[in-house]
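> I have a structure I would like to understand better, so I am pasting it below and will then ask my questions one at a time.
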Amino acid sequence: MIVKIILKKLKGHLSEEEEILFEKWLAEDDENLSTFQRLTNLQGKSQELREIDHLDPQKAWEIIQRELHTNKSNRRPIISYAKFMRYAAIFVGVVGLSLLYRSFYMEKQVEIAPDPTAIRLELGNGETRILSQSGAMEIVTKDGDVLGSKADGVVDYSQNNIDEDEVEVYNTLHIPNGKMFKIVLSDGTTVNLNAGSTLEYPIKFIKGQHRKVTLIGEAFFDVKKDENSPFIVTSRSLDIRVLGTKFNVTSYPEDTDQKTVLVEGSVSLYESGRDYDKDESILLTPGDMGSWEGTDKKISVKQVDTELYTSWMQGKLVLKGMKFKDIEKRLERHYGVTIQNKNKELEDRVFTATFDVETIEEVLNTFVSETSFDYVIENDQITILE
């Protein structure tokens, strides 16, 4: 059954029932997603091969699974390269294939075209892993080092077997729009990453040294306390220094300011690239929001309702006194859509709203009820008409 669905997905559209089965298959194993991307990537990169009509699709799929789902080194190919190519040809519906799978024959990992909708983990040695939000797996390098494990929606480095005396090696986790993910760092610190965010972090913190990570986007940090190793988050032009605390950081590339909201403990804010000076840094207390203005290089502090800035972890989208042109970016990240707004008068309209389980169409209709406009939705593309 799944063979026919995969073949149909590669050639065109699935029915609603088939799409559900296909998504379930993708979620069962991270390697399923990688395999499907490899097969998809073959399209448009082909040259003539013969006799593919005489091959059995079920047999072809079984061989493709066996060959692509192995990461063992020093393993000799079971089938010839040309024969493997003919089997793979069935699943892309083309006349033939190029030498895209040369790396398979040489026992190297097949390069996958970047997928903007995939959660990507970049290892320090240049390898890339595609992670699904469900399912479990170990994160292992080609050399056999266990970096961590992945369970449903969480990557955990706290039990890895890396020698902490080695030079720090950094991994980078990329979260696409429309998804969220959680990471447990080697010291037990947890980081919830919001949609459209990237976190760079060491696979193992070195004892007695500063624990440094770099964030682009939005994340909630629950930092494990260690008085001998301050935890430092670098977010664009701002450094956030803590010993052990809970706080939220919002620093997307398009944001004019960077916000740090303290829930518990204390944090110090200061300009990135400068040495930490306790007297010159800004200290936040619980309930404070520190805003870094990049133009003026100043930090302003005010008391806020912290729930407004952390409710995204429960799937809520809170908009308070925000212009619609800024709301568009929030909607794109939250729902994984692209918005083209041709209604320029709408851009400066200010709205306050909270959404939870609403669909993107229900959200747009809420804005329409406040100020009339027309829009069109085609797949993940939304066009707001003039």
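Ordering of the structure tokens sets the chain letters (A, B, ...); residue numbers start at 1 within each chain; ligands are numbered from 1 in the order shown.
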Neighbours of Pro230 in chain A within 6 Å (only C-alpha atoms; same-chain residues fewer than 6 positions away dropped), as a short mmCIF file (atom, residue, chain, number, x, y, z; two decimals) with N, CA and C atoms, in the first residue's frame?

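Saved the output as selection.cif:
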data_model
loop_
_atom_site.label_atom_id
_atom_site.label_comp_id
_atom_site.auth_asym_id
_atom_site.auth_seq_id
_atom_site.Cartn_x
_atom_site.Cartn_y
_atom_site.Cartn_z
N HIS A 210 32.97 29.26 30.27
CA HIS A 210 31.67 29.82 29.97
C HIS A 210 30.88 28.90 29.04
N VAL A 242 23.83 34.61 32.47
CA VAL A 242 23.07 34.07 33.60
C VAL A 242 23.89 32.98 34.29
N LEU A 243 23.48 32.63 35.50
CA LEU A 243 24.06 31.49 36.20
C LEU A 243 23.08 30.33 36.24
#
> Return as a ChimeraX atom specification the full set of residues in range 77-302 of chain A whose backbone-based DSSP assignment is strand (DSSP E or B).
/A:119-122,128-131,137-140,146-151,154-156,170-174,181-184,190-193,198-202,211-222,231-235,238-242,246-251,257-264,267-271,282-284,288-293,298-302
> Could you give me, as a Markdown table, a per-residue list for range 202-312 of chain A showing, wherever an atom lies at most 12 Å from an atom of range 355-376 of chain A, the closest pair of atoms and their distance in Å to one decimal, using only C-alpha atoms and sorting by chain then residue number from low to high?

| residue | atom | partner | partner_atom | distance |
| --- | --- | --- | --- | --- |
| A:Leu308 | CA | A:Phe355 | CA | 11.8 |
| A:Ser311 | CA | A:Asp356 | CA | 9.6 |
| A:Trp312 | CA | A:Asp356 | CA | 9.2 |
> Hey, which bits of range 185-254 of chain A sit within 12 Å of range 314-320 of chain A, and for each residue what's the closest pair of atoms and how far apart in Å (one decimal), counting only C-alpha atoms, rows by chain and increasing number, as a tab-separated table?

residue	atom	partner	partner_atom	distance
A:Asn192	CA	A:Gln314	CA	11.0
A:Asn194	CA	A:Gly315	CA	9.7
A:Ala195	CA	A:Gly315	CA	10.6
A:Phe220	CA	A:Gln314	CA	12.0
> Those residues you just picked out, can you put them in a file as a short mmCIF file (atom, residue, chain, number, x, y, z; two decimals), in the first residue's frame with N, CA and C atoms?

data_model
loop_
_atom_site.label_atom_id
_atom_site.label_comp_id
_atom_site.auth_asym_id
_atom_site.auth_seq_id
_atom_site.Cartn_x
_atom_site.Cartn_y
_atom_site.Cartn_z
N ASN A 192 13.56 25.70 24.55
CA ASN A 192 12.43 25.55 23.64
C ASN A 192 12.59 26.54 22.51
N ASN A 194 11.22 28.38 19.11
CA ASN A 194 10.02 28.72 18.37
C ASN A 194 10.28 28.60 16.88
N ALA A 195 9.22 28.69 16.10
CA ALA A 195 9.30 28.57 14.64
C ALA A 195 10.25 29.60 14.05
N PHE A 220 12.92 29.93 24.67
CA PHE A 220 12.77 30.00 26.12
C PHE A 220 13.85 29.13 26.75
#
> Give me the residues near range 248-257 of chain A as a list in words, where near means some atom within 8 Å (using only C-alpha atoms) and where sequence neighbours in that chain fewer than 3 positions away do not count.
Ser197, Leu215, Ile216, Gly217, Glu218, Ala219, Phe220, Phe221, Ser235, Arg236, Thr260, Val261, Leu262, Val263, Ser291, Trp292, Glu293, Gly294, Tyr309 and Thr310 of chain A
> Keeping only C-alpha atoms, take the residues you just selected and write them out as a PDB file, in the first residue's frame.

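Now in part.pdb:
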ATOM      1  CA  SER A 197      14.673  29.939  14.874  1.00  0.00           C
ATOM      2  CA  LEU A 215      20.387  32.331  18.992  1.00  0.00           C
ATOM      3  CA  ILE A 216      18.580  33.721  15.962  1.00  0.00           C
ATOM      4  CA  GLY A 217      14.822  33.890  16.451  1.00  0.00           C
ATOM      5  CA  GLU A 218      12.950  33.101  19.659  1.00  0.00           C
ATOM      6  CA  ALA A 219      13.618  30.660  22.485  1.00  0.00           C
ATOM      7  CA  PHE A 220      12.766  30.003  26.119  1.00  0.00           C
ATOM      8  CA  PHE A 221      15.768  29.024  28.257  1.00  0.00           C
ATOM      9  CA  SER A 235      21.586  37.143  20.185  1.00  0.00           C
ATOM     10  CA  ARG A 236      22.692  39.407  17.341  1.00  0.00           C
ATOM     11  CA  THR A 260      14.589  39.501  26.925  1.00  0.00           C
ATOM     12  CA  VAL A 261      11.775  38.632  29.345  1.00  0.00           C
ATOM     13  CA  LEU A 262      12.814  37.251  32.743  1.00  0.00           C
ATOM     14  CA  VAL A 263      10.520  34.701  34.387  1.00  0.00           C
ATOM     15  CA  SER A 291      14.638  45.764  25.108  1.00  0.00           C
ATOM     16  CA  TRP A 292      17.848  46.372  23.199  1.00  0.00           C
ATOM     17  CA  GLU A 293      17.569  49.134  20.602  1.00  0.00           C
ATOM     18  CA  GLY A 294      20.186  48.346  17.985  1.00  0.00           C
ATOM     19  CA  TYR A 309       5.808  36.403  25.906  1.00  0.00           C
ATOM     20  CA  THR A 310       5.961  32.704  26.801  1.00  0.00           C
TER      21      THR A 310
END
> Calculated over only C-alpha atoms, which of the candidates A:Pro286, A:Gly144, A:Gly153, A:Gly244 has the smallest distance to Lys179 in chain A?
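Checking each candidate against Lys179 in chain A, we get A:Gly153 as the closest.
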> Using only C-alpha atoms, can you tell me which of A:Ser272, A:Asn125, A:Asn32, A:Asn160 comes closest to Ile139 in chain A?
A:Asn160
> Take CA of Ile206 in chain A and CA of Ala136 in chain A and report the distance between them in Å, one decimal.
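One can read the CA of Ile206 in chain A to CA of Ala136 in chain A distance as 27.2 Å.
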> Rank A:Thr285, A:Thr354, A:Thr141, A:Gln340 by their smallest atom-to-atom distance to Glu127 in chain A, using only C-alpha atoms, and report the top residue only.
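Of all the options, A:Thr141 lies closest to Glu127 in chain A.
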> Work out how far apart CA of Glu271 in chain A and CA of Leu284 in chain A are and give it in Å to one decimal.
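Rounded to one decimal, the two atoms are 14.8 Å apart.
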> For Leu199 in chain A, which residue out of A:Phe22, A:Gly148, A:Arg211, A:Glu122 is the nearest one, using only C-alpha atoms?
A:Glu122
> Can you pull out the residues contacting Glu378 in chain A? Cut-off 12 Å, using only C-alpha atoms, and skip same-chain residues under 4 positions away; I want them as number ranges by chain.
A: 337-340, 361, 382-384
> Could you please take those selected residues and save N, CA and C atoms as a PDB file, in the first residue's frame?

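Output saved as part.pdb:
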ATOM      1  N   VAL A 337       3.330  29.622   6.396  1.00  0.00           N
ATOM      2  CA  VAL A 337       2.771  30.115   5.132  1.00  0.00           C
ATOM      3  C   VAL A 337       3.590  31.301   4.636  1.00  0.00           C
ATOM      4  N   THR A 338       3.298  31.723   3.410  1.00  0.00           N
ATOM      5  CA  THR A 338       3.890  32.933   2.841  1.00  0.00           C
ATOM      6  C   THR A 338       2.766  33.911   2.532  1.00  0.00           C
ATOM      7  N   ILE A 339       2.929  35.163   2.952  1.00  0.00           N
ATOM      8  CA  ILE A 339       1.881  36.169   2.769  1.00  0.00           C
ATOM      9  C   ILE A 339       2.382  37.288   1.873  1.00  0.00           C
ATOM     10  N   GLN A 340       1.606  37.583   0.836  1.00  0.00           N
ATOM     11  CA  GLN A 340       1.864  38.743  -0.023  1.00  0.00           C
ATOM     12  C   GLN A 340       0.711  39.720   0.174  1.00  0.00           C
ATOM     13  N   GLU A 361      -7.059  30.481   8.134  1.00  0.00           N
ATOM     14  CA  GLU A 361      -8.228  31.109   7.517  1.00  0.00           C
ATOM     15  C   GLU A 361      -9.115  31.769   8.575  1.00  0.00           C
ATOM     16  N   ILE A 382      -0.602  32.925   0.614  1.00  0.00           N
ATOM     17  CA  ILE A 382      -1.765  33.805   0.882  1.00  0.00           C
ATOM     18  C   ILE A 382      -1.528  35.148   0.217  1.00  0.00           C
ATOM     19  N   THR A 383      -2.493  35.588  -0.546  1.00  0.00           N
ATOM     20  CA  THR A 383      -2.412  36.898  -1.198  1.00  0.00           C
ATOM     21  C   THR A 383      -3.543  37.760  -0.689  1.00  0.00           C
ATOM     22  N   ILE A 384      -3.209  38.888  -0.072  1.00  0.00           N
ATOM     23  CA  ILE A 384      -4.219  39.856   0.383  1.00  0.00           C
ATOM     24  C   ILE A 384      -4.395  40.865  -0.742  1.00  0.00           C
TER      25      ILE A 384
END
> Nearest to Pro202 in chain A: which of A:Ser229, A:Asp277, A:Gly124, A:Lys24 is it, counting only C-alpha atoms?
A:Gly124
> Within 6 Å of Leu185 in chain A, counting only C-alpha atoms, which residues show up once you throw out same-chain ones fewer than 2 positions away? Write them as number ranges by chain, please.
A: 157-158, 187-189
> With only C-alpha atoms as the atoms that count, which of A:Gln37, A:Asp226, A:Lys278, A:Leu238 lies nearest to Lys298 in chain A?
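Selected residue with least distance to Lys298 in chain A: A:Leu238.
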> Between CA of Ser15 in chain A and CA of Gly135 in chain A, what is the distance in Å, rounded to a tenth?
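Answer for the CA of Ser15 in chain A to CA of Gly135 in chain A separation: 24.6 Å.
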> Neighbouring residues of Arg333 in chain A were defined as those with any atom within 7 Å, considering only C-alpha atoms; residues of the same chain fewer than 6 positions away were excluded. Please report them as a ChimeraX atom specification.
/A:177-178,195-196
> Residues as selected, C-alpha atoms, written as a short mmCIF file (atom, residue, chain, number, x, y, z; two decimals), in the first residue's frame, can you do that?

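Resulting contents of out.cif:
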data_model
loop_
_atom_site.label_atom_id
_atom_site.label_comp_id
_atom_site.auth_asym_id
_atom_site.auth_seq_id
_atom_site.Cartn_x
_atom_site.Cartn_y
_atom_site.Cartn_z
CA ASN A 177 8.33 28.10 10.05
CA GLY A 178 5.29 26.28 11.36
CA ALA A 195 9.30 28.57 14.64
CA GLY A 196 11.86 30.13 12.30
#
